$ cat structure39.csv   # CSV, C-alpha atoms
chain,number,residue,atom,x,y,z
A,1296,MET,CA,10.4,32.5,23.9
A,1297,LEU,CA,10.0,36.1,22.8
A,1298,ILE,CA,11.6,35.4,19.4
A,1299,ALA,CA,9.3,32.3,18.9
A,1300,ALA,CA,6.3,34.6,19.5
A,1301,ILE,CA,7.3,37.3,17.0
A,1302,GLN,CA,8.9,35.1,14.5
A,1303,PRO,CA,6.9,34.5,11.3
A,1304,LYS,CA,6.2,30.9,10.2
A,1305,ALA,CA,8.4,29.5,7.5
A,1306,GLU,CA,5.6,29.7,4.9
A,1307,HIS,CA,5.3,33.5,5.5
A,1308,VAL,CA,9.0,33.9,4.8
A,1309,HIS,CA,8.6,31.8,1.6
A,1310,TRP,CA,5.7,34.1,0.5
A,1311,MET,CA,7.7,37.3,1.2
A,1312,PHE,CA,10.6,36.0,-0.9
A,1313,ALA,CA,8.2,35.0,-3.6
A,1314,SER,CA,7.0,38.6,-3.8
A,1315,GLY,CA,10.6,39.8,-4.2
A,1316,PHE,CA,11.2,37.3,-7.0
A,1317,LEU,CA,8.0,38.3,-8.7
A,1318,ILE,CA,9.2,41.9,-8.8
A,1319,ILE,CA,12.6,40.8,-10.2
A,1320,GLY,CA,10.8,38.6,-12.8
A,1321,LEU,CA,8.5,41.5,-13.9
A,1322,CYS,CA,11.5,43.8,-14.3
A,1323,LEU,CA,13.5,41.3,-16.3
A,1324,LEU,CA,10.4,40.6,-18.5
A,1325,ALA,CA,10.0,44.3,-19.2
A,1326,GLU,CA,13.8,44.5,-19.9
A,1327,ALA,CA,13.5,41.6,-22.3
A,1328,ILE,CA,10.5,43.2,-24.1
A,1329,VAL,CA,11.9,46.7,-24.6
A,1330,GLY,CA,15.6,45.8,-24.8
A,1331,GLN,CA,18.6,46.7,-22.7
A,1332,GLU,CA,19.1,50.1,-24.4
A,1333,VAL,CA,15.7,51.4,-23.4
A,1334,TRP,CA,15.7,49.7,-19.9
A,1335,ASN,CA,19.1,51.1,-19.0
A,1336,ARG,CA,18.2,54.6,-20.1
A,1337,ARG,CA,17.3,55.7,-16.5
A,1338,PRO,CA,19.9,55.0,-13.8
A,1339,TRP,CA,17.4,54.1,-11.1
A,1340,ARG,CA,15.9,51.4,-13.3
A,1341,ARG,CA,19.4,49.9,-13.9
A,1342,TYR,CA,19.8,49.5,-10.2
A,1343,LEU,CA,16.3,48.3,-9.5
A,1344,TRP,CA,16.4,44.5,-9.7
A,1345,PRO,CA,20.1,44.1,-8.8
A,1346,GLY,CA,19.5,46.2,-5.7
A,1347,LEU,CA,16.5,44.1,-4.8
A,1348,ALA,CA,18.5,40.8,-5.3
A,1349,PHE,CA,21.2,42.2,-3.1
A,1350,PHE,CA,18.7,43.2,-0.4
A,1351,MET,CA,17.1,39.8,-0.5
A,1352,GLY,CA,20.5,38.2,0.0
A,1353,VAL,CA,21.0,40.4,3.1
A,1354,PHE,CA,17.6,39.5,4.3
A,1355,MET,CA,18.5,35.8,3.9
A,1356,TRP,CA,21.0,36.1,6.8
A,1357,PRO,CA,18.3,36.5,9.5
A,1358,VAL,CA,16.5,33.6,7.8
A,1359,MET,CA,19.6,31.5,8.2
A,1360,THR,CA,19.9,32.5,11.9
A,1361,PHE,CA,16.3,32.1,13.0
A,1362,PHE,CA,15.1,29.2,10.7
A,1363,THR,CA,18.0,26.8,11.3
A,1364,ASN,CA,16.8,23.5,12.5
A,1365,SER,CA,19.8,21.5,11.3
A,1366,THR,CA,23.4,22.1,10.1
A,1367,ILE,CA,22.4,21.4,6.5
A,1368,HIS,CA,19.6,24.0,6.7
A,1369,MET,CA,22.1,26.6,8.0
A,1370,VAL,CA,24.6,25.8,5.2
A,1371,ALA,CA,21.8,26.0,2.5
A,1372,HIS,CA,20.4,29.3,3.8
A,1373,GLY,CA,24.0,30.7,4.2
A,1374,SER,CA,25.0,29.7,0.7
A,1375,TRP,CA,21.8,31.4,-0.7
A,1376,ALA,CA,22.6,34.6,1.2
A,1377,GLN,CA,26.2,34.7,-0.2
A,1378,VAL,CA,25.4,33.9,-3.8
A,1379,MET,CA,22.4,36.3,-3.9
A,1380,MET,CA,24.5,39.1,-2.5
A,1381,LEU,CA,27.3,38.3,-4.9
A,1382,ALA,CA,25.0,38.3,-8.0
A,1383,GLY,CA,23.1,41.4,-6.8
A,1384,GLY,CA,26.4,43.2,-6.0
A,1385,ALA,CA,28.0,42.2,-9.3
A,1386,HIS,CA,25.0,43.5,-11.3
A,1387,LEU,CA,25.0,46.7,-9.3
A,1388,GLY,CA,28.6,47.1,-10.2
A,1389,LEU,CA,27.8,46.5,-13.8
A,1390,ALA,CA,24.9,49.0,-13.6
A,1391,SER,CA,27.1,51.7,-12.2
A,1392,GLY,CA,29.9,51.1,-14.7
A,1393,LYS,CA,32.4,50.2,-12.1
A,1394,LEU,CA,32.5,46.7,-13.4
A,1395,GLN,CA,33.1,46.4,-17.1
A,1396,SER,CA,33.6,42.7,-18.0
A,1397,ARG,CA,30.5,40.9,-19.2
A,1398,TYR,CA,31.8,37.8,-17.3
A,1399,TRP,CA,30.5,39.4,-14.1
A,1400,ARG,CA,27.1,38.4,-15.4
A,1401,LEU,CA,28.1,34.8,-14.7
A,1402,THR,CA,27.5,35.4,-11.0
A,1403,MET,CA,23.8,35.0,-11.7
A,1404,PRO,CA,23.9,31.5,-13.2
A,1405,LEU,CA,26.3,30.6,-10.4
A,1406,ALA,CA,23.8,31.9,-7.9
A,1407,LEU,CA,21.0,29.9,-9.5
A,1408,VAL,CA,23.0,26.7,-9.7
A,1409,VAL,CA,24.2,27.0,-6.1
A,1410,SER,CA,20.7,27.9,-4.9
A,1411,GLY,CA,19.1,25.0,-6.9
A,1412,ALA,CA,21.7,22.5,-5.6
A,1413,ALA,CA,21.1,23.8,-2.0
A,1414,PHE,CA,17.4,23.3,-2.4
A,1415,LEU,CA,17.9,19.7,-3.7
A,1416,ILE,CA,20.6,18.7,-1.2
A,1417,HIS,CA,19.0,20.2,2.0
A,1418,GLU,CA,15.6,18.6,1.3
A,1419,GLN,CA,15.9,15.2,2.9
A,1420,ASN,CA,12.4,13.9,2.1
A,1421,GLY,CA,11.0,12.6,-1.2
A,1422,TRP,CA,8.9,14.6,-3.7
A,1423,PHE,CA,5.5,13.5,-2.2
A,1424,TYR,CA,6.4,13.5,1.5
A,1425,ALA,CA,4.5,16.9,1.9
A,1426,ARG,CA,3.9,20.1,0.0
A,1427,SER,CA,7.1,21.7,1.3
A,1428,SER,CA,9.2,18.8,0.1
A,1429,PHE,CA,7.6,19.0,-3.3
A,1430,VAL,CA,8.2,22.8,-3.5
A,1431,HIS,CA,11.8,22.3,-2.6
A,1432,HIS,CA,12.4,19.7,-5.3
A,1433,VAL,CA,10.6,21.8,-8.0
A,1434,CYS,CA,12.4,25.0,-6.9
A,1435,GLY,CA,15.7,23.2,-7.1
A,1436,TRP,CA,15.3,21.8,-10.6
A,1437,THR,CA,13.7,25.1,-11.8
A,1438,LEU,CA,16.8,27.0,-10.7
A,1439,VAL,CA,19.3,24.5,-12.0
A,1440,VAL,CA,17.7,24.4,-15.5
A,1441,GLY,CA,16.8,28.1,-15.4
A,1442,ALA,CA,20.5,28.9,-14.9
A,1443,LEU,CA,21.0,28.1,-18.6
A,1444,PHE,CA,19.2,31.3,-19.5
A,1445,PRO,CA,21.5,33.8,-17.8
A,1446,LEU,CA,24.5,31.7,-18.7
A,1447,SER,CA,23.6,31.9,-22.4
A,1448,LEU,CA,22.6,35.5,-22.1
A,1449,THR,CA,26.1,36.4,-21.0
A,1450,PHE,CA,27.3,35.5,-24.5
A,1451,ARG,CA,24.2,36.5,-26.4
A,1452,PRO,CA,23.0,39.6,-24.5
A,1453,ARG,CA,20.6,40.8,-27.2
A,1454,SER,CA,18.6,37.5,-27.4
A,1455,TRP,CA,14.9,38.2,-26.7
A,1456,VAL,CA,14.1,34.5,-26.2
A,1457,LEU,CA,16.9,34.1,-23.6
A,1458,GLY,CA,15.9,37.3,-21.8
A,1459,ALA,CA,12.3,36.1,-21.6
A,1460,GLY,CA,13.4,32.7,-20.4
A,1461,TYR,CA,15.5,34.4,-17.7
A,1462,ALA,CA,12.5,36.4,-16.6
A,1463,VAL,CA,10.1,33.5,-16.6
A,1464,THR,CA,12.5,31.5,-14.4
A,1465,PHE,CA,12.0,34.1,-11.7
A,1466,VAL,CA,8.3,34.4,-12.2
A,1467,ALA,CA,8.0,30.5,-12.0
A,1468,LEU,CA,10.2,30.6,-8.8
A,1469,ALA,CA,7.8,33.1,-7.3
A,1470,VAL,CA,4.7,31.0,-8.2
A,1471,ILE,CA,6.3,27.8,-6.8
A,1472,LEU,CA,7.3,29.6,-3.5
A,1473,TYR,CA,3.7,31.0,-3.2
A,1474,THR,CA,2.4,27.4,-3.0
A,1475,ALA,CA,4.7,26.6,-0.1
A,1476,ARG,CA,3.0,25.5,3.2
A,1477,ASP,CA,4.5,24.3,6.4
A,1478,VAL,CA,2.4,21.2,6.5
A,1479,ALA,CA,0.0,20.4,3.7
A,1480,PRO,CA,-0.7,17.6,1.2
A,1481,ILE,CA,0.6,17.6,-2.3
A,1482,LEU,CA,-1.6,16.0,-5.0
A,1483,GLY,CA,-3.4,14.1,-2.2
A,1484,HIS,CA,-0.1,12.8,-0.6
A,1485,LEU,CA,1.0,13.6,2.9
A,1486,SER,CA,3.2,11.5,5.0
A,1487,PRO,CA,1.8,10.7,8.5
A,1488,GLU,CA,5.2,11.7,9.8
A,1489,ALA,CA,4.9,15.2,8.5
A,1490,GLY,CA,2.3,16.2,11.1
A,1491,ALA,CA,-1.2,17.5,11.1
A,1492,PRO,CA,-2.0,19.7,8.0
A,1493,HIS,CA,-3.5,23.1,8.4
A,1494,ARG,CA,-5.0,25.4,5.8
B,53,MET,CA,0.6,52.4,-52.1
B,54,SER,CA,3.9,54.3,-51.3
B,55,THR,CA,6.8,51.9,-50.7
B,56,GLN,CA,8.0,54.3,-48.0
B,57,ILE,CA,4.8,53.7,-46.0
B,58,ALA,CA,5.0,50.0,-46.5
B,59,THR,CA,8.5,49.8,-45.1
B,60,GLU,CA,7.6,51.9,-42.0
B,61,ALA,CA,4.5,49.9,-41.2
B,62,ARG,CA,6.3,46.8,-39.8
B,63,PRO,CA,8.6,48.5,-37.3
B,64,ARG,CA,5.7,50.7,-36.1
B,65,ALA,CA,3.6,47.6,-35.5
B,66,ARG,CA,6.5,46.0,-33.6
B,67,ARG,CA,6.9,49.1,-31.4
B,68,SER,CA,3.2,49.2,-30.5
B,69,ALA,CA,3.3,45.5,-29.7
B,70,ARG,CA,6.3,46.1,-27.3
B,71,SER,CA,4.4,49.0,-25.7
B,72,LEU,CA,1.3,46.9,-25.4
B,73,ALA,CA,3.2,44.0,-23.8
B,74,VAL,CA,4.8,46.3,-21.2
B,75,ARG,CA,1.5,47.9,-20.4
B,76,GLY,CA,0.0,44.5,-19.9
B,77,LEU,CA,2.5,43.2,-17.3
B,78,GLY,CA,1.0,45.0,-14.3
B,79,PRO,CA,-2.7,44.4,-15.1
B,80,ALA,CA,-1.9,40.7,-15.9
B,81,THR,CA,-0.3,40.4,-12.4
B,82,VAL,CA,-3.2,42.1,-10.7
B,83,VAL,CA,-5.7,39.8,-12.5
B,84,ALA,CA,-3.6,36.7,-11.4
B,85,GLY,CA,-3.7,37.9,-7.8
B,86,PHE,CA,-7.5,38.6,-8.0
B,87,VAL,CA,-8.3,35.2,-9.5
B,88,TRP,CA,-6.2,33.6,-6.8
B,89,ALA,CA,-8.1,35.5,-4.1
B,90,LEU,CA,-11.4,34.3,-5.6
B,91,ALA,CA,-10.2,30.7,-5.9
B,92,GLN,CA,-8.7,30.6,-2.3
B,93,PRO,CA,-10.5,33.2,-0.3
B,94,TYR,CA,-9.2,31.7,3.0
B,95,ARG,CA,-5.7,32.9,1.9
B,96,VAL,CA,-7.0,36.5,2.4
B,97,THR,CA,-7.1,36.7,6.2
B,98,LEU,CA,-8.6,40.3,6.0
B,99,LEU,CA,-11.9,38.5,5.2
B,100,HIS,CA,-11.8,36.8,8.6
B,101,PRO,CA,-9.3,38.7,10.7
B,102,HIS,CA,-10.6,37.7,14.2
B,103,GLY,CA,-8.0,35.8,16.2
B,104,GLN,CA,-5.3,36.2,13.5
B,105,GLY,CA,-1.7,37.1,14.5
B,106,PHE,CA,0.4,39.8,13.0
B,107,TRP,CA,2.1,37.7,10.3
B,108,TRP,CA,-1.2,36.2,9.1
B,109,LEU,CA,-2.6,39.7,8.7
B,110,PHE,CA,0.5,41.2,7.1
B,111,VAL,CA,1.4,38.5,4.6
B,112,GLN,CA,-1.6,37.7,2.4
B,113,PRO,CA,-0.1,36.3,-0.8
B,114,PRO,CA,-3.0,37.2,-3.2
B,115,LEU,CA,-3.1,40.8,-2.0
B,116,TRP,CA,0.7,41.0,-2.3
B,117,VAL,CA,0.6,39.8,-5.9
B,118,ILE,CA,-2.0,42.5,-6.6
B,119,ALA,CA,0.1,45.0,-4.8
B,120,VAL,CA,3.2,44.0,-6.9
B,121,GLY,CA,1.2,44.5,-10.1
B,122,VAL,CA,-0.2,47.9,-9.0
B,123,LEU,CA,3.2,49.2,-7.9
B,124,PHE,CA,5.0,47.9,-11.0
B,125,HIS,CA,2.3,49.4,-13.3
B,126,SER,CA,2.2,52.8,-11.5
B,127,LEU,CA,5.9,53.3,-10.7
B,128,VAL,CA,8.0,51.5,-13.3
B,129,VAL,CA,5.9,51.2,-16.5
B,130,PRO,CA,5.3,54.9,-17.2
B,131,SER,CA,9.0,55.7,-17.4
B,132,ILE,CA,9.6,52.7,-19.7
B,133,LEU,CA,6.8,53.8,-22.0
B,134,GLU,CA,8.3,57.4,-22.1
B,135,ASP,CA,11.7,56.1,-23.0
B,136,LEU,CA,10.3,53.6,-25.5
B,137,GLU,CA,8.5,56.4,-27.3
B,138,GLU,CA,11.6,58.6,-27.2
B,139,SER,CA,13.7,55.8,-28.6
B,140,ASP,CA,11.2,55.2,-31.4
B,141,GLY,CA,11.1,58.9,-32.2
B,142,ARG,CA,14.9,58.7,-32.9
B,143,CYS,CA,14.5,55.8,-35.3

$ encode --input "structure39.csv" --output "structure tokens"
Amino acid sequence: MLIAAIQPKAEHVHWMFASGFLIIGLCLLAEAIVGQEVWNRRPWRRYLWPGLAFFMGVFMWPVMTFFTNSTIHMVAHGSWAQVMMLAGGAHLGLASGKLQSRYWRLTMPLALVVSGAAFLIHEQNGWFYARSSFVHHVCGWTLVVGALFPLSLTFRPRSWVLGAGYAVTFVALAVILYTARDVAPILGHLSPEAGAPHR
Amino acid sequence: MSTQIATEARPRARRSARSLAVRGLGPATVVAGFVWALAQPYRVTLLHPHGQGFWWLFVQPPLWVIAVGVLFHSLVVPSILEDLEESDGRC
């Protein structure tokens, strides 16, 4: 009862994560513009977005615990938590120099593909069932397709186009998550089974 | 026209374009958040705070977008510009 009273709505959680992804997107965009040599010149900047990604992975565990209304939701949120921590941790290791192999960068495309698949699999309703269903489908495909950028960047780390695509994937993810609502129509469609819409 | 000046002109223009692009990231984010707040003022619960719970008052997406832009521009961008200028000075 107490937890239900202090617990944020699902849409608030989506918006908080959207803000985290927006920060990561801006950092990656700046890195793509100035190049890795300039971006990596200050240690705190090297740790900035991998640290945030790791922190968001940790923060996903309470989301898994308190926003689980089915087994498939729990598995989806749990897998996000794990792959976000893995990608953030691997990039922190690369930033500190403790990890040397460039193949550790493959943890990010892995995280994006797993997250995208989790979005698509755990959303049981069609695209136009409600706003949240639409958001989950778009997020899923954005992540699956967006994974091509960090995958390619692993082998062509100096490509400006791939770096920008990588950053825009996170910015797009933030924009999509900001549109999430618990119950709201999408392009005029709202299933009567979804419940009463609110603002 | 000196050939030396002509060959230096293109990299200098590219450097200033990079600097300009980095400088523009924060303000562009702030403008996006501001336009969003104007388009959907009901998303800014500070404008009608009566009867709102903690989370509705704390999480106000357009204001958070503006905050991200301001923080990025004031905390991250200055050091990038310093390092960019230093890097260009070495070229």

$ closest_residue --input "structure39.csv" --among "B:Phe86, B:Leu127, B:Ser71, B:Val117" --to "Val1466 in chain A" --atoms "all atoms listed in the file"
B:Val117

$ atom_distance --input "structure39.csv" --atom1 "CA of Asn1364 in chain A" --atom2 "CA of Arg1476 in chain A"
16.8 Å

$ residues_around --input "structure39.csv" --residues "Phe1316 in chain A" --least-positions-apart "5" --cutoff "9 Å" --atoms "only C-alpha atoms" --output "list of chain:residue names"
A:Met1311, A:Leu1321, A:Leu1347, A:Ala1348, A:Phe1465, A:Val1466, A:Leu1468, A:Ala1469

$ closest_residue --input "structure39.csv" --among "B:Leu98, B:Ser126, B:Trp116, B:Leu72" --to "chain A" --atoms "only C-alpha atoms"
B:Trp116

$ residues_around --input "structure39.csv" --residues "His1431 in chain A" --least-positions-apart "6" --cutoff "9 Å" --atoms "only C-alpha atoms" --output "ChimeraX atom specification"
/A:1411,1414-1415,1417-1418,1422,1471-1472,1475

$ atom_distance --input "structure39.csv" --atom1 "CA of Cys1322 in chain A" --atom2 "CA of Val1433 in chain A"
22.9 Å

$ interface_residues --input "structure39.csv" --of "chain B" --to "chain A" --cutoff "7 Å" --atoms "only C-alpha atoms" --output "number ranges by chain"
B: 70, 74, 107, 111, 113, 116-117, 120, 132, 135-136

$ closest_residue --input "structure39.csv" --among "A:Pro1404, A:Ala1412, A:Phe1350, A:His1432" --to "Phe1444 in chain A" --atoms "only C-alpha atoms"
A:Pro1404

$ residues_around --input "structure39.csv" --residues "Val1353 in chain A" --least-positions-apart "4" --cutoff "8 Å" --atoms "only C-alpha atoms" --output "PyMOL selection string"
chain A and resi 1349+1357+1376+1380

$ atom_distance --input "structure39.csv" --atom1 "CA of Leu90 in chain B" --atom2 "CA of Val1430 in chain A"
22.8 Å

$ decode --input "structure39.csv" --residues "range 1431-1451 of chain A" --atoms "N, CA and C atoms" --output "PDB file, in the first residue's frame"
ATOM      1  N   HIS A1431       6.517   1.110 -27.557  1.00  0.00           N
ATOM      2  CA  HIS A1431       7.342  -0.090 -27.396  1.00  0.00           C
ATOM      3  C   HIS A1431       7.775  -0.667 -28.742  1.00  0.00           C
ATOM      4  N   HIS A1432       6.870  -0.692 -29.712  1.00  0.00           N
ATOM      5  CA  HIS A1432       7.234  -1.211 -31.034  1.00  0.00           C
ATOM      6  C   HIS A1432       8.303  -0.323 -31.693  1.00  0.00           C
ATOM      7  N   VAL A1433       8.095   1.003 -31.632  1.00  0.00           N
ATOM      8  CA  VAL A1433       9.057   1.916 -32.279  1.00  0.00           C
ATOM      9  C   VAL A1433      10.414   1.839 -31.571  1.00  0.00           C
ATOM     10  N   CYS A1434      10.389   1.804 -30.230  1.00  0.00           N
ATOM     11  CA  CYS A1434      11.657   1.690 -29.485  1.00  0.00           C
ATOM     12  C   CYS A1434      12.393   0.408 -29.888  1.00  0.00           C
ATOM     13  N   GLY A1435      11.636  -0.692 -29.976  1.00  0.00           N
ATOM     14  CA  GLY A1435      12.249  -1.975 -30.309  1.00  0.00           C
ATOM     15  C   GLY A1435      12.958  -1.938 -31.646  1.00  0.00           C
ATOM     16  N   TRP A1436      12.275  -1.458 -32.671  1.00  0.00           N
ATOM     17  CA  TRP A1436      12.884  -1.438 -34.011  1.00  0.00           C
ATOM     18  C   TRP A1436      14.004  -0.403 -34.107  1.00  0.00           C
ATOM     19  N   THR A1437      13.846   0.729 -33.395  1.00  0.00           N
ATOM     20  CA  THR A1437      14.913   1.737 -33.391  1.00  0.00           C
ATOM     21  C   THR A1437      16.204   1.143 -32.811  1.00  0.00           C
ATOM     22  N   LEU A1438      16.064   0.382 -31.739  1.00  0.00           N
ATOM     23  CA  LEU A1438      17.245  -0.202 -31.102  1.00  0.00           C
ATOM     24  C   LEU A1438      17.866  -1.302 -31.955  1.00  0.00           C
ATOM     25  N   VAL A1439      17.012  -2.144 -32.541  1.00  0.00           N
ATOM     26  CA  VAL A1439      17.542  -3.244 -33.367  1.00  0.00           C
ATOM     27  C   VAL A1439      18.291  -2.682 -34.587  1.00  0.00           C
ATOM     28  N   VAL A1440      17.681  -1.701 -35.258  1.00  0.00           N
ATOM     29  CA  VAL A1440      18.341  -1.108 -36.433  1.00  0.00           C
ATOM     30  C   VAL A1440      19.534  -0.250 -35.992  1.00  0.00           C
ATOM     31  N   GLY A1441      19.341   0.505 -34.893  1.00  0.00           N
ATOM     32  CA  GLY A1441      20.415   1.379 -34.396  1.00  0.00           C
ATOM     33  C   GLY A1441      21.653   0.616 -33.954  1.00  0.00           C
ATOM     34  N   ALA A1442      21.507  -0.659 -33.625  1.00  0.00           N
ATOM     35  CA  ALA A1442      22.658  -1.469 -33.197  1.00  0.00           C
ATOM     36  C   ALA A1442      23.703  -1.595 -34.301  1.00  0.00           C
ATOM     37  N   LEU A1443      23.284  -1.362 -35.548  1.00  0.00           N
ATOM     38  CA  LEU A1443      24.235  -1.449 -36.663  1.00  0.00           C
ATOM     39  C   LEU A1443      25.332  -0.392 -36.537  1.00  0.00           C
ATOM     40  N   PHE A1444      24.994   0.771 -35.927  1.00  0.00           N
ATOM     41  CA  PHE A1444      25.992   1.851 -35.825  1.00  0.00           C
ATOM     42  C   PHE A1444      27.144   1.483 -34.883  1.00  0.00           C
ATOM     43  N   PRO A1445      26.874   1.118 -33.607  1.00  0.00           N
ATOM     44  CA  PRO A1445      28.007   0.730 -32.759  1.00  0.00           C
ATOM     45  C   PRO A1445      28.711  -0.532 -33.252  1.00  0.00           C
ATOM     46  N   LEU A1446      27.953  -1.422 -33.926  1.00  0.00           N
ATOM     47  CA  LEU A1446      28.579  -2.634 -34.483  1.00  0.00           C
ATOM     48  C   LEU A1446      29.609  -2.238 -35.539  1.00  0.00           C
ATOM     49  N   SER A1447      29.206  -1.364 -36.464  1.00  0.00           N
ATOM     50  CA  SER A1447      30.117  -0.927 -37.526  1.00  0.00           C
ATOM     51  C   SER A1447      31.249  -0.075 -36.962  1.00  0.00           C
ATOM     52  N   LEU A1448      30.917   0.719 -35.930  1.00  0.00           N
ATOM     53  CA  LEU A1448      31.911   1.619 -35.334  1.00  0.00           C
ATOM     54  C   LEU A1448      33.042   0.848 -34.659  1.00  0.00           C
ATOM     55  N   THR A1449      32.755  -0.367 -34.231  1.00  0.00           N
ATOM     56  CA  THR A1449      33.797  -1.201 -33.617  1.00  0.00           C
ATOM     57  C   THR A1449      34.930  -1.441 -34.610  1.00  0.00           C
ATOM     58  N   PHE A1450      34.574  -1.561 -35.881  1.00  0.00           N
ATOM     59  CA  PHE A1450      35.576  -1.877 -36.908  1.00  0.00           C
ATOM     60  C   PHE A1450      36.052  -0.632 -37.664  1.00  0.00           C
ATOM     61  N   ARG A1451      35.254   0.452 -37.602  1.00  0.00           N
ATOM     62  CA  ARG A1451      35.672   1.718 -38.237  1.00  0.00           C
ATOM     63  C   ARG A1451      35.501   2.848 -37.224  1.00  0.00           C
TER      64      ARG A1451
END
